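So the structure is just underneath, and the comments pick up after that.
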Amino acid sequence: MAAALPIPQEYLDAVVKQIPLETVTALKYCPQCWIPGTAPDPMWTSLRSKYCFAYGTSLRSRCRSCNEPIMLLTFRFCPYCGQSYKQP
């Protein structure tokens with residue numbers, strides 16, 4: 001179901017277990033290989049993932065400009081400051 005809805009499995013687990021979403025980690029993505037507007041790779045959304053498996057780059061879970069948490073990766077830009085999520 002998580003793959004069909006492009007949301008992390010952890011979010012569905014939190015709903016089923018009735019855990020507040022604040023305790024679930026934010027979305028993570030690789031700033032080098034993620035294609036803006038697409039769902040994150042399932043390996044990035046693992047609670048234990050810290051680095052990209054392809055590039056070794058640190059995964060991001062916050063905007064690099066304003067440091068706000070990323071809640072949706074279907075957007076290309078941060079809704080708080082307008083900065084692109086993709087590295088130049």
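Starting from 1 in every chain, residues are counted up; chains themselves are A, B, ... following the order of the structure tokens, and ligands are numbered from 1 as listed.
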Strand (DSSP E or B) positions in region 11-64 of chain A, given as a PyMOL selection string = chain A and resi 29+51+58+60+62
Given the selection you just returned, output its residues as a file containing C-alpha atoms, formatted as a compact mmCIF listing (two decimals), in the first residue's frame.
# COMPACT_ATOMS: atom_id res chain seq x y z
CA TYR A 29 16.48 11.58 -0.09
CA TYR A 51 23.76 7.50 3.37
CA SER A 58 24.48 11.85 3.32
CA ARG A 60 18.76 14.80 3.61
CA ARG A 62 15.50 18.83 5.91
Using DSSP on the backbone coordinates, identify all residues within chain A classified as alpha helix (DSSP H); present the result as a PyMOL selection string.
-> chain A and resi 9-17
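If you look at CA of Cys33 (chain A) and CA of Thr57 (chain A), they are 9.3 Å away from each other.
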Would you kindly return, as a ChimeraX atom specification, each protein, DNA or RNA residue with an atom no farther than 12 Å from any atom of Ser84 (chain A), considering only C-alpha atoms and excluding same-chain residues fewer than 4 positions away?
-> /A:31,35-37,62-66,70,73,75-80,88
Non-local contacts of Lys50 (chain A) (12 Å; only C-alpha atoms; under 5 positions in same chain excluded) as a list in words =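 My list of contacting residues is Thr25, Leu27, Lys28, Tyr29, Cys30, Met43, Trp44, Thr45, Tyr55, Gly56, Thr57, Ser58, Leu59, Arg60 and Ser61 of chain A.
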Store the residues picked out above, limited to N, CA and C atoms, as a PDB file, in the first residue's frame.
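Contents of result.pdb, as written:
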ATOM      1  N   THR A  25      10.372   9.234  11.675  1.00  0.00           N
ATOM      2  CA  THR A  25      11.361  10.098  11.043  1.00  0.00           C
ATOM      3  C   THR A  25      10.817  10.710   9.756  1.00  0.00           C
ATOM      4  N   LEU A  27      10.936  12.175   5.788  1.00  0.00           N
ATOM      5  CA  LEU A  27      11.389  11.621   4.524  1.00  0.00           C
ATOM      6  C   LEU A  27      12.857  11.952   4.328  1.00  0.00           C
ATOM      7  N   LYS A  28      13.561  11.058   3.665  1.00  0.00           N
ATOM      8  CA  LYS A  28      14.972  11.279   3.362  1.00  0.00           C
ATOM      9  C   LYS A  28      15.189  11.049   1.875  1.00  0.00           C
ATOM     10  N   TYR A  29      16.148  11.754   1.318  1.00  0.00           N
ATOM     11  CA  TYR A  29      16.477  11.585  -0.091  1.00  0.00           C
ATOM     12  C   TYR A  29      17.956  11.861  -0.307  1.00  0.00           C
ATOM     13  N   CYS A  30      18.477  11.352  -1.409  1.00  0.00           N
ATOM     14  CA  CYS A  30      19.856  11.625  -1.803  1.00  0.00           C
ATOM     15  C   CYS A  30      19.846  12.877  -2.675  1.00  0.00           C
ATOM     16  N   MET A  43      14.941   2.305   0.049  1.00  0.00           N
ATOM     17  CA  MET A  43      16.109   2.129   0.918  1.00  0.00           C
ATOM     18  C   MET A  43      16.417   3.403   1.702  1.00  0.00           C
ATOM     19  N   TRP A  44      16.088   4.568   1.139  1.00  0.00           N
ATOM     20  CA  TRP A  44      16.352   5.829   1.837  1.00  0.00           C
ATOM     21  C   TRP A  44      15.422   6.024   3.012  1.00  0.00           C
ATOM     22  N   THR A  45      14.198   5.500   2.927  1.00  0.00           N
ATOM     23  CA  THR A  45      13.213   5.740   3.981  1.00  0.00           C
ATOM     24  C   THR A  45      13.357   4.786   5.159  1.00  0.00           C
ATOM     25  N   TYR A  55      25.755   6.490  -4.036  1.00  0.00           N
ATOM     26  CA  TYR A  55      26.782   7.530  -4.055  1.00  0.00           C
ATOM     27  C   TYR A  55      27.512   7.716  -2.726  1.00  0.00           C
ATOM     28  N   GLY A  56      26.965   7.215  -1.644  1.00  0.00           N
ATOM     29  CA  GLY A  56      27.575   7.416  -0.332  1.00  0.00           C
ATOM     30  C   GLY A  56      27.322   8.802   0.237  1.00  0.00           C
ATOM     31  N   THR A  57      26.471   9.570  -0.416  1.00  0.00           N
ATOM     32  CA  THR A  57      26.132  10.919   0.025  1.00  0.00           C
ATOM     33  C   THR A  57      25.217  10.856   1.246  1.00  0.00           C
ATOM     34  N   SER A  58      25.385  11.778   2.176  1.00  0.00           N
ATOM     35  CA  SER A  58      24.480  11.849   3.324  1.00  0.00           C
ATOM     36  C   SER A  58      23.067  12.130   2.842  1.00  0.00           C
ATOM     37  N   LEU A  59      22.112  11.367   3.354  1.00  0.00           N
ATOM     38  CA  LEU A  59      20.714  11.586   2.989  1.00  0.00           C
ATOM     39  C   LEU A  59      20.201  12.840   3.690  1.00  0.00           C
ATOM     40  N   ARG A  60      19.341  13.579   3.038  1.00  0.00           N
ATOM     41  CA  ARG A  60      18.757  14.800   3.607  1.00  0.00           C
ATOM     42  C   ARG A  60      17.325  14.524   4.054  1.00  0.00           C
ATOM     43  N   SER A  61      16.956  15.101   5.170  1.00  0.00           N
ATOM     44  CA  SER A  61      15.575  15.036   5.638  1.00  0.00           C
ATOM     45  C   SER A  61      15.034  16.436   5.907  1.00  0.00           C
TER      46      SER A  61
END
